[in-house]
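Worksheet for the structure shown next.
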Amino acid sequence: MIHKPLQVKLIPYTIESIVEMANETPKGVDLIQAPSIWEDSNQGEGIVIAVIDTGIETDHPDLKDQIIDGRNFTSDYDGDPNIFEDNNGHGTHVSGTIAASLNNEGVVGVAPKAKILSLKVLTGQGTGDYEWIINAINYAVEWRGPQGERVRVISMSLGGPEDVPELHKAIQNAVSQDISVVVAAGNEGDNIEDTFEYSYPGKYNEVIQVGAVDHNLRLAPFTNNNEEIDIVAPGVEVVSTYLGHKYASLSGTSMATPHIAGAIALLINLSEREFGRPFSETEIYAQLIKRTLPIGKRKSSEGNGFLILNLVEKIQDIMNAARI
């Protein structure tokens, strides 16, 4: 048990705009070339991603068919574990980037046939206890779906200033169970060389820590720099699902993280289909990293580089489109 009141919070993010309607494949989904491997990955079908966040809008048109289960670990809704509705907006936005339906309306996620296990660990104010996070991670590891499904990916766009051993242990256990744990780097960056900014759980070596770039593959000015950055993904003006059946453009490493979580769902299906066997977390990480493109920044800023799921398809065209 954690004996002192420690709290974790949402990685700070910016709301650029909120709109009633959308009808597009978000730029970030296109930039990482997710649609180019949808056929070979079956759009992530059969993969369950635990989104540990503020919950999810369960009746959003782009999300209602994507939710396999959920649970509330917070004091919201009088602590009712069965009510995991999003009363903040952040969790709904993250979930849409991962797996919004391909329904010719609204937006589409990176892995539109993957399923979301929505674990609400942050209140409507965007804060929560470390113990809630730890319990949710352990729950995700033990969870089984109606057809025996299990979680293969955990996505966490949250962070705190303290290294809590119980949190680290829970993450280590998840990874040992072949669950990829994807986390946001944080938005305290200043782009000053050799100045590092840390957030937990991003600091832990076992997680896949994600930094942010804009649609021109320029490093976002807010993205944290540290020696544990693994990869960068679109995190500026990311359009996704939002509360009230709406859509919003948000910016932050919180928005980059779900691009990677969804991409891992695609890569699990693609790799296991090609090799004809289950893949370990280490093997999936290797498949992810080999699909990165260096963008010319120091490793403490970009890690292995920008994710491109189909590197063999006209890299030069991508670079030209990004005006680099």
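In the structure tokens, chains take the letters A, B, ... in the order shown, each chain's residues start at 1, and ligands count up from 1 in the order shown.
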
Contacts between stretch 17-23 of chain A and stretch 65-137 of chain A, please, where a residue of stretch 65-137 of chain A counts if it comes within 7 Å (with only C-alpha atoms); show its shortest atom pair and distance in Å to one decimal, rows by chain and ascending number, as CSV.
residue,atom,partner,partner_atom,distance
A:Glu105,CA,A:Asn23,CA,5.2
A:Gly106,CA,A:Ala22,CA,4.4
A:Val107,CA,A:Asn23,CA,5.9

With N, CA, C and O atoms kept, could you save the residues just selected as a short mmCIF file (atom, residue, chain, number, x, y, z; two decimals), in the first residue's frame?
data_model
loop_
_atom_site.label_atom_id
_atom_site.label_comp_id
_atom_site.auth_asym_id
_atom_site.auth_seq_id
_atom_site.Cartn_x
_atom_site.Cartn_y
_atom_site.Cartn_z
N GLU A 105 -17.94 8.53 -41.25
CA GLU A 105 -18.36 9.74 -40.56
C GLU A 105 -17.33 10.07 -39.50
O GLU A 105 -16.55 9.20 -39.08
N GLY A 106 -17.33 11.31 -39.04
CA GLY A 106 -16.43 11.69 -37.97
C GLY A 106 -14.98 11.49 -38.32
O GLY A 106 -14.51 11.93 -39.37
N VAL A 107 -14.25 10.82 -37.44
CA VAL A 107 -12.83 10.55 -37.67
C VAL A 107 -12.59 9.04 -37.58
O VAL A 107 -13.46 8.29 -37.14
#

Let's see if you can do this: from backbone DSSP, list all alpha helix (DSSP H) residues in stretch 47-238 of chain A, as a PyMOL selection string.
chain A and resi 90-99+130-142+165-176

Using DSSP on the backbone coordinates, identify all residues within stretch 30-245 of chain A classified as strand (DSSP E); present the result as an mmCIF file with N, CA, C and O atoms, in the first residue's frame.
data_model
loop_
_atom_site.group_PDB
_atom_site.id
_atom_site.type_symbol
_atom_site.label_atom_id
_atom_site.label_comp_id
_atom_site.auth_asym_id
_atom_site.auth_seq_id
_atom_site.Cartn_x
_atom_site.Cartn_y
_atom_site.Cartn_z
ATOM 1 N N VAL A 48 -6.932 -5.836 -27.877
ATOM 2 C CA VAL A 48 -7.550 -5.001 -26.843
ATOM 3 C C VAL A 48 -6.490 -4.057 -26.273
ATOM 4 O O VAL A 48 -5.402 -4.497 -25.883
ATOM 5 N N ILE A 49 -6.834 -2.767 -26.236
ATOM 6 C CA ILE A 49 -5.944 -1.734 -25.711
ATOM 7 C C ILE A 49 -6.601 -1.126 -24.473
ATOM 8 O O ILE A 49 -7.730 -0.621 -24.539
ATOM 9 N N ALA A 50 -5.922 -1.204 -23.350
ATOM 10 C CA ALA A 50 -6.414 -0.572 -22.122
ATOM 11 C C ALA A 50 -6.008 0.891 -22.120
ATOM 12 O O ALA A 50 -4.814 1.204 -22.158
ATOM 13 N N VAL A 51 -6.996 1.776 -22.114
ATOM 14 C CA VAL A 51 -6.732 3.215 -22.065
ATOM 15 C C VAL A 51 -6.942 3.666 -20.627
ATOM 16 O O VAL A 51 -8.074 3.708 -20.136
ATOM 17 N N ILE A 52 -5.854 3.965 -19.948
ATOM 18 C CA ILE A 52 -5.885 4.364 -18.540
ATOM 19 C C ILE A 52 -5.875 5.880 -18.507
ATOM 20 O O ILE A 52 -4.852 6.522 -18.720
ATOM 21 N N ASP A 53 -7.054 6.469 -18.240
ATOM 22 C CA ASP A 53 -7.230 7.906 -18.487
ATOM 23 C C ASP A 53 -8.447 8.414 -17.711
ATOM 24 O O ASP A 53 -8.721 7.936 -16.606
ATOM 25 N N ILE A 67 -15.846 -0.208 -27.587
ATOM 26 C CA ILE A 67 -15.605 -0.419 -26.154
ATOM 27 C C ILE A 67 -15.960 -1.851 -25.781
ATOM 28 O O ILE A 67 -17.118 -2.256 -25.871
ATOM 29 N N ILE A 68 -14.977 -2.606 -25.352
ATOM 30 C CA ILE A 68 -15.234 -3.982 -24.948
ATOM 31 C C ILE A 68 -15.600 -4.083 -23.471
ATOM 32 O O ILE A 68 -16.331 -4.984 -23.065
ATOM 33 N N ASP A 69 -15.128 -3.120 -22.669
ATOM 34 C CA ASP A 69 -15.391 -3.146 -21.232
ATOM 35 C C ASP A 69 -14.796 -1.885 -20.621
ATOM 36 O O ASP A 69 -14.135 -1.104 -21.317
ATOM 37 N N GLY A 70 -15.017 -1.702 -19.324
ATOM 38 C CA GLY A 70 -14.454 -0.554 -18.640
ATOM 39 C C GLY A 70 -14.655 -0.647 -17.140
ATOM 40 O O GLY A 70 -15.424 -1.485 -16.649
ATOM 41 N N ARG A 71 -13.963 0.231 -16.430
ATOM 42 C CA ARG A 71 -14.084 0.243 -14.971
ATOM 43 C C ARG A 71 -13.627 1.603 -14.453
ATOM 44 O O ARG A 71 -12.728 2.231 -15.012
ATOM 45 N N ASN A 72 -14.268 2.031 -13.375
ATOM 46 C CA ASN A 72 -13.947 3.294 -12.726
ATOM 47 C C ASN A 72 -13.168 3.011 -11.440
ATOM 48 O O ASN A 72 -13.634 2.281 -10.568
ATOM 49 N N GLY A 106 -17.332 11.310 -39.042
ATOM 50 C CA GLY A 106 -16.434 11.694 -37.968
ATOM 51 C C GLY A 106 -14.979 11.488 -38.323
ATOM 52 O O GLY A 106 -14.511 11.927 -39.371
ATOM 53 N N VAL A 107 -14.248 10.816 -37.443
ATOM 54 C CA VAL A 107 -12.829 10.546 -37.670
ATOM 55 C C VAL A 107 -12.595 9.040 -37.580
ATOM 56 O O VAL A 107 -13.457 8.290 -37.142
ATOM 57 N N LYS A 115 -10.199 -2.945 -29.972
ATOM 58 C CA LYS A 115 -11.181 -2.687 -28.918
ATOM 59 C C LYS A 115 -10.518 -1.941 -27.756
ATOM 60 O O LYS A 115 -9.339 -2.121 -27.467
ATOM 61 N N ILE A 116 -11.332 -1.115 -27.104
ATOM 62 C CA ILE A 116 -10.875 -0.302 -25.982
ATOM 63 C C ILE A 116 -11.395 -0.876 -24.664
ATOM 64 O O ILE A 116 -12.600 -1.099 -24.509
ATOM 65 N N LEU A 117 -10.487 -1.107 -23.728
ATOM 66 C CA LEU A 117 -10.837 -1.349 -22.328
ATOM 67 C C LEU A 117 -10.586 -0.025 -21.617
ATOM 68 O O LEU A 117 -9.442 0.376 -21.417
ATOM 69 N N SER A 118 -11.662 0.681 -21.267
ATOM 70 C CA SER A 118 -11.535 2.033 -20.721
ATOM 71 C C SER A 118 -11.453 1.978 -19.194
ATOM 72 O O SER A 118 -12.425 1.611 -18.520
ATOM 73 N N LEU A 119 -10.307 2.334 -18.664
ATOM 74 C CA LEU A 119 -10.083 2.305 -17.222
ATOM 75 C C LEU A 119 -9.929 3.736 -16.724
ATOM 76 O O LEU A 119 -8.934 4.403 -16.998
ATOM 77 N N LYS A 120 -10.949 4.200 -16.015
ATOM 78 C CA LYS A 120 -10.983 5.591 -15.538
ATOM 79 C C LYS A 120 -10.198 5.708 -14.232
ATOM 80 O O LYS A 120 -10.611 5.156 -13.204
ATOM 81 N N THR A 127 -7.079 14.692 -12.240
ATOM 82 C CA THR A 127 -6.126 14.231 -11.234
ATOM 83 C C THR A 127 -6.579 12.899 -10.659
ATOM 84 O O THR A 127 -7.760 12.539 -10.714
ATOM 85 N N GLY A 128 -5.623 12.181 -10.095
ATOM 86 C CA GLY A 128 -5.953 10.903 -9.491
ATOM 87 C C GLY A 128 -4.846 10.431 -8.579
ATOM 88 O O GLY A 128 -3.726 10.948 -8.603
ATOM 89 N N ASP A 129 -5.151 9.427 -7.782
ATOM 90 C CA ASP A 129 -4.170 8.853 -6.874
ATOM 91 C C ASP A 129 -3.286 7.844 -7.615
ATOM 92 O O ASP A 129 -3.767 7.116 -8.488
ATOM 93 N N VAL A 151 -5.606 -8.031 -22.662
ATOM 94 C CA VAL A 151 -4.993 -6.760 -23.048
ATOM 95 C C VAL A 151 -3.608 -7.012 -23.624
ATOM 96 O O VAL A 151 -2.811 -7.763 -23.059
ATOM 97 N N ARG A 152 -3.320 -6.383 -24.761
ATOM 98 C CA ARG A 152 -1.992 -6.472 -25.380
ATOM 99 C C ARG A 152 -1.242 -5.136 -25.306
ATOM 100 O O ARG A 152 -0.023 -5.110 -25.460
ATOM 101 N N VAL A 153 -1.986 -4.045 -25.101
ATOM 102 C CA VAL A 153 -1.361 -2.716 -25.064
ATOM 103 C C VAL A 153 -2.025 -1.905 -23.955
ATOM 104 O O VAL A 153 -3.243 -1.964 -23.782
ATOM 105 N N ILE A 154 -1.227 -1.144 -23.214
ATOM 106 C CA ILE A 154 -1.729 -0.152 -22.259
ATOM 107 C C ILE A 154 -1.282 1.219 -22.740
ATOM 108 O O ILE A 154 -0.111 1.411 -23.090
ATOM 109 N N SER A 155 -2.218 2.178 -22.766
ATOM 110 C CA SER A 155 -1.910 3.556 -23.168
ATOM 111 C C SER A 155 -2.167 4.482 -21.988
ATOM 112 O O SER A 155 -3.278 4.501 -21.438
ATOM 113 N N MET A 156 -1.145 5.265 -21.609
ATOM 114 C CA MET A 156 -1.272 6.191 -20.479
ATOM 115 C C MET A 156 -0.714 7.558 -20.843
ATOM 116 O O MET A 156 0.504 7.724 -20.960
ATOM 117 N N LEU A 158 -0.540 10.306 -18.997
ATOM 118 C CA LEU A 158 -0.586 10.924 -17.680
ATOM 119 C C LEU A 158 0.802 10.874 -17.067
ATOM 120 O O LEU A 158 1.691 10.200 -17.566
ATOM 121 N N GLY A 159 0.981 11.581 -15.966
ATOM 122 C CA GLY A 159 2.295 11.586 -15.349
ATOM 123 C C GLY A 159 2.305 12.276 -14.007
ATOM 124 O O GLY A 159 1.388 13.019 -13.654
ATOM 125 N N SER A 180 2.533 -4.277 -24.055
ATOM 126 C CA SER A 180 3.291 -3.068 -24.367
ATOM 127 C C SER A 180 2.681 -1.893 -23.609
ATOM 128 O O SER A 180 1.475 -1.643 -23.702
ATOM 129 N N VAL A 181 3.496 -1.169 -22.851
ATOM 130 C CA VAL A 181 3.021 -0.034 -22.053
ATOM 131 C C VAL A 181 3.534 1.252 -22.702
ATOM 132 O O VAL A 181 4.736 1.524 -22.710
ATOM 133 N N VAL A 182 2.592 2.041 -23.243
ATOM 134 C CA VAL A 182 2.932 3.247 -24.002
ATOM 135 C C VAL A 182 2.538 4.464 -23.175
ATOM 136 O O VAL A 182 1.393 4.559 -22.713
ATOM 137 N N VAL A 183 3.473 5.399 -22.980
ATOM 138 C CA VAL A 183 3.212 6.548 -22.111
ATOM 139 C C VAL A 183 3.697 7.843 -22.758
ATOM 140 O O VAL A 183 4.592 7.845 -23.602
ATOM 141 N N ALA A 184 3.094 8.941 -22.334
ATOM 142 C CA ALA A 184 3.470 10.263 -22.834
ATOM 143 C C ALA A 184 4.737 10.757 -22.159
ATOM 144 O O ALA A 184 4.954 10.541 -20.959
ATOM 145 N N ILE A 208 7.313 2.455 -23.270
ATOM 146 C CA ILE A 208 7.608 3.089 -24.557
ATOM 147 C C ILE A 208 7.203 4.550 -24.405
ATOM 148 O O ILE A 208 6.019 4.887 -24.391
ATOM 149 N N GLN A 209 8.181 5.428 -24.253
ATOM 150 C CA GLN A 209 7.930 6.841 -23.985
ATOM 151 C C GLN A 209 7.868 7.618 -25.307
ATOM 152 O O GLN A 209 8.776 7.530 -26.133
ATOM 153 N N VAL A 210 6.783 8.392 -25.459
ATOM 154 C CA VAL A 210 6.483 9.008 -26.748
ATOM 155 C C VAL A 210 6.574 10.531 -26.658
ATOM 156 O O VAL A 210 5.921 11.163 -25.832
ATOM 157 N N GLY A 211 7.377 11.105 -27.538
ATOM 158 C CA GLY A 211 7.438 12.546 -27.701
ATOM 159 C C GLY A 211 6.582 12.987 -28.879
ATOM 160 O O GLY A 211 6.018 12.170 -29.604
ATOM 161 N N ALA A 212 6.484 14.288 -29.084
ATOM 162 C CA ALA A 212 5.554 14.834 -30.083
ATOM 163 C C ALA A 212 6.265 15.665 -31.144
ATOM 164 O O ALA A 212 7.218 16.395 -30.865
ATOM 165 N N VAL A 213 5.739 15.535 -32.382
ATOM 166 C CA VAL A 213 6.127 16.407 -33.490
ATOM 167 C C VAL A 213 4.863 16.990 -34.103
ATOM 168 O O VAL A 213 3.752 16.512 -33.849
ATOM 169 N N ILE A 229 13.473 8.715 -24.038
ATOM 170 C CA ILE A 229 12.541 8.874 -25.164
ATOM 171 C C ILE A 229 12.768 7.727 -26.154
ATOM 172 O O ILE A 229 13.898 7.440 -26.543
ATOM 173 N N ASP A 230 11.688 7.086 -26.562
ATOM 174 C CA ASP A 230 11.791 5.966 -27.500
ATOM 175 C C ASP A 230 11.447 6.349 -28.935
ATOM 176 O O ASP A 230 12.058 5.839 -29.879
ATOM 177 N N ILE A 231 10.457 7.239 -29.103
ATOM 178 C CA ILE A 231 9.884 7.452 -30.427
ATOM 179 C C ILE A 231 9.076 8.744 -30.403
ATOM 180 O O ILE A 231 8.685 9.216 -29.328
ATOM 181 N N VAL A 232 8.841 9.338 -31.572
ATOM 182 C CA VAL A 232 7.980 10.519 -31.657
ATOM 183 C C VAL A 232 6.849 10.256 -32.646
ATOM 184 O O VAL A 232 6.988 9.453 -33.577
ATOM 185 N N ALA A 233 5.738 10.957 -32.430
ATOM 186 C CA ALA A 233 4.532 10.776 -33.248
ATOM 187 C C ALA A 233 3.775 12.096 -33.286
ATOM 188 O O ALA A 233 4.071 13.021 -32.514
ATOM 189 N N PRO A 234 2.773 12.222 -34.154
ATOM 190 C CA PRO A 234 2.026 13.478 -34.251
ATOM 191 C C PRO A 234 1.352 13.853 -32.932
ATOM 192 O O PRO A 234 0.626 13.049 -32.341
ATOM 193 N N VAL A 238 -4.085 17.621 -33.199
ATOM 194 C CA VAL A 238 -4.590 16.287 -33.494
ATOM 195 C C VAL A 238 -6.111 16.286 -33.350
ATOM 196 O O VAL A 238 -6.646 16.602 -32.286
ATOM 197 N N VAL A 239 -6.805 15.933 -34.419
ATOM 198 C CA VAL A 239 -8.273 15.910 -34.422
ATOM 199 C C VAL A 239 -8.748 14.520 -34.014
ATOM 200 O O VAL A 239 -8.314 13.509 -34.564
ATOM 201 N N SER A 240 -9.653 14.479 -33.039
ATOM 202 C CA SER A 240 -10.201 13.204 -32.591
ATOM 203 C C SER A 240 -11.548 13.439 -31.912
ATOM 204 O O SER A 240 -12.067 14.558 -31.873
ATOM 205 N N THR A 241 -12.106 12.365 -31.396
ATOM 206 C CA THR A 241 -13.413 12.394 -30.745
ATOM 207 C C THR A 241 -13.368 13.222 -29.462
ATOM 208 O O THR A 241 -12.335 13.309 -28.784
ATOM 209 N N TYR A 242 -14.541 13.800 -29.104
ATOM 210 C CA TYR A 242 -14.612 14.642 -27.907
ATOM 211 C C TYR A 242 -16.008 14.542 -27.297
ATOM 212 O O TYR A 242 -16.919 13.944 -27.896
#

So which residues touch A:Gly124 within 9 Å, counting only C-alpha atoms, skipping near sequence neighbours fewer than 5 positions away, as a ChimeraX atom specification?
/A:54,76,86-89

Tell me, in Å to one decimal, how far atom CA of A:Ile15 is from atom CA of A:Met255.
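Separation between atom CA of A:Ile15 and atom CA of A:Met255: 11.0 Å.
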
Which residues, written as a PyMOL selection string, have at least one atom at most 8 Å from A:Phe306, with only C-alpha atoms counted and residues fewer than 2 positions away on the same chain left out?
chain A and resi 217+231-233+292-295+302+304+308

Just write the chosen residues, N, CA and C atoms, as a PDB file, in the first residue's frame.
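To be explicit, this is the file written out as again.pdb:
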ATOM      1  N   LEU A 217       6.682  17.310 -39.199  1.00  0.00           N
ATOM      2  CA  LEU A 217       7.736  16.526 -38.557  1.00  0.00           C
ATOM      3  C   LEU A 217       8.761  17.391 -37.829  1.00  0.00           C
ATOM      4  N   ILE A 231      10.457   7.239 -29.103  1.00  0.00           N
ATOM      5  CA  ILE A 231       9.884   7.452 -30.427  1.00  0.00           C
ATOM      6  C   ILE A 231       9.076   8.744 -30.403  1.00  0.00           C
ATOM      7  N   VAL A 232       8.841   9.338 -31.572  1.00  0.00           N
ATOM      8  CA  VAL A 232       7.980  10.519 -31.657  1.00  0.00           C
ATOM      9  C   VAL A 232       6.849  10.256 -32.646  1.00  0.00           C
ATOM     10  N   ALA A 233       5.738  10.957 -32.430  1.00  0.00           N
ATOM     11  CA  ALA A 233       4.532  10.776 -33.248  1.00  0.00           C
ATOM     12  C   ALA A 233       3.775  12.096 -33.286  1.00  0.00           C
ATOM     13  N   THR A 292      10.943   3.326 -37.836  1.00  0.00           N
ATOM     14  CA  THR A 292      11.133   4.729 -37.476  1.00  0.00           C
ATOM     15  C   THR A 292      12.073   5.407 -38.461  1.00  0.00           C
ATOM     16  N   LEU A 293      11.887   6.715 -38.589  1.00  0.00           N
ATOM     17  CA  LEU A 293      12.696   7.530 -39.490  1.00  0.00           C
ATOM     18  C   LEU A 293      13.315   8.674 -38.693  1.00  0.00           C
ATOM     19  N   PRO A 294      14.646   8.728 -38.563  1.00  0.00           N
ATOM     20  CA  PRO A 294      15.274   9.841 -37.849  1.00  0.00           C
ATOM     21  C   PRO A 294      14.897  11.172 -38.492  1.00  0.00           C
ATOM     22  N   ILE A 295      14.666  12.175 -37.665  1.00  0.00           N
ATOM     23  CA  ILE A 295      14.274  13.494 -38.180  1.00  0.00           C
ATOM     24  C   ILE A 295      15.341  14.544 -37.909  1.00  0.00           C
ATOM     25  N   GLU A 302      14.199  12.884 -29.989  1.00  0.00           N
ATOM     26  CA  GLU A 302      13.408  12.081 -30.912  1.00  0.00           C
ATOM     27  C   GLU A 302      13.517  10.583 -30.666  1.00  0.00           C
ATOM     28  N   ASN A 304      14.336   7.036 -31.268  1.00  0.00           N
ATOM     29  CA  ASN A 304      14.672   6.329 -32.502  1.00  0.00           C
ATOM     30  C   ASN A 304      14.142   7.024 -33.750  1.00  0.00           C
ATOM     31  N   ILE A 308       6.844   5.500 -38.968  1.00  0.00           N
ATOM     32  CA  ILE A 308       6.213   5.334 -40.283  1.00  0.00           C
ATOM     33  C   ILE A 308       5.971   3.838 -40.451  1.00  0.00           C
TER      34      ILE A 308
END

Could you make a table, as JSON lines, of the residues of stretch 37-83 of chain A that have an atom within 8 Å of an atom of stretch 267-285 of chain A, each with its nearest atom pair and distance in Å to one decimal, counting only C-alpha atoms, in chain and number order?
{"residue": "A:Asp40", "atom": "CA", "partner": "A:Leu270", "partner_atom": "CA", "distance": 5.9}
{"residue": "A:Ser41", "atom": "CA", "partner": "A:Leu270", "partner_atom": "CA", "distance": 4.5}
{"residue": "A:Asn42", "atom": "CA", "partner": "A:Asn269", "partner_atom": "CA", "distance": 7.2}
{"residue": "A:Gly44", "atom": "CA", "partner": "A:Asn269", "partner_atom": "CA", "distance": 6.3}
{"residue": "A:Glu45", "atom": "CA", "partner": "A:Asn269", "partner_atom": "CA", "distance": 7.8}
{"residue": "A:Ile47", "atom": "CA", "partner": "A:Asn269", "partner_atom": "CA", "distance": 7.9}

Record the distance separating atom CA of A:Val164 and atom CA of A:Tyr204, expressed in Å with one decimal.
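One can read the atom CA of A:Val164 to atom CA of A:Tyr204 distance as 10.6 Å.
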
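Note that the spacing between atom CA of A:His245 and atom CA of A:Ile83 amounts to 18.1 Å.
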
Just want the 9 Å neighbourhood of A:Asn138, counted on only C-alpha atoms, with same-chain residues fewer than 5 positions away dropped. Output as a CSV table (one decimal) with N, CA and C atoms, in the first residue's frame.
chain,number,residue,atom,x,y,z
A,133,ILE,N,-4.0,4.3,-10.3
A,133,ILE,CA,-3.3,3.9,-11.5
A,133,ILE,C,-2.7,2.5,-11.4
A,143,TRP,N,-7.4,-8.8,-16.6
A,143,TRP,CA,-8.7,-8.8,-17.3
A,143,TRP,C,-8.7,-9.8,-18.4
A,170,ALA,N,4.2,-2.6,-11.0
A,170,ALA,CA,3.0,-2.9,-11.7
A,170,ALA,C,3.3,-2.9,-13.2
A,171,ILE,N,4.1,-1.9,-13.7
A,171,ILE,CA,4.5,-1.8,-15.1
A,171,ILE,C,5.4,-2.9,-15.5
A,173,ASN,N,5.5,-5.8,-14.2
A,173,ASN,CA,4.7,-7.0,-14.3
A,173,ASN,C,3.9,-7.1,-15.6
A,174,ALA,N,3.3,-5.9,-16.0
A,174,ALA,CA,2.6,-5.9,-17.2
A,174,ALA,C,3.5,-6.2,-18.4

Write out as number ranges by chain each polymer residue whose atoms come within 7 Å of stretch 62-65 of chain A, counting only C-alpha atoms; drop sequence neighbours fewer than 2 positions from it.
A: 58-60, 67, 96, 100-101, 106

Compare A:Ala265, A:Val121, A:Val94, A:Val110 by their minimum atom-to-atom distance to A:Ile179, counting only C-alpha atoms, and give me the closest one.
A:Ala265
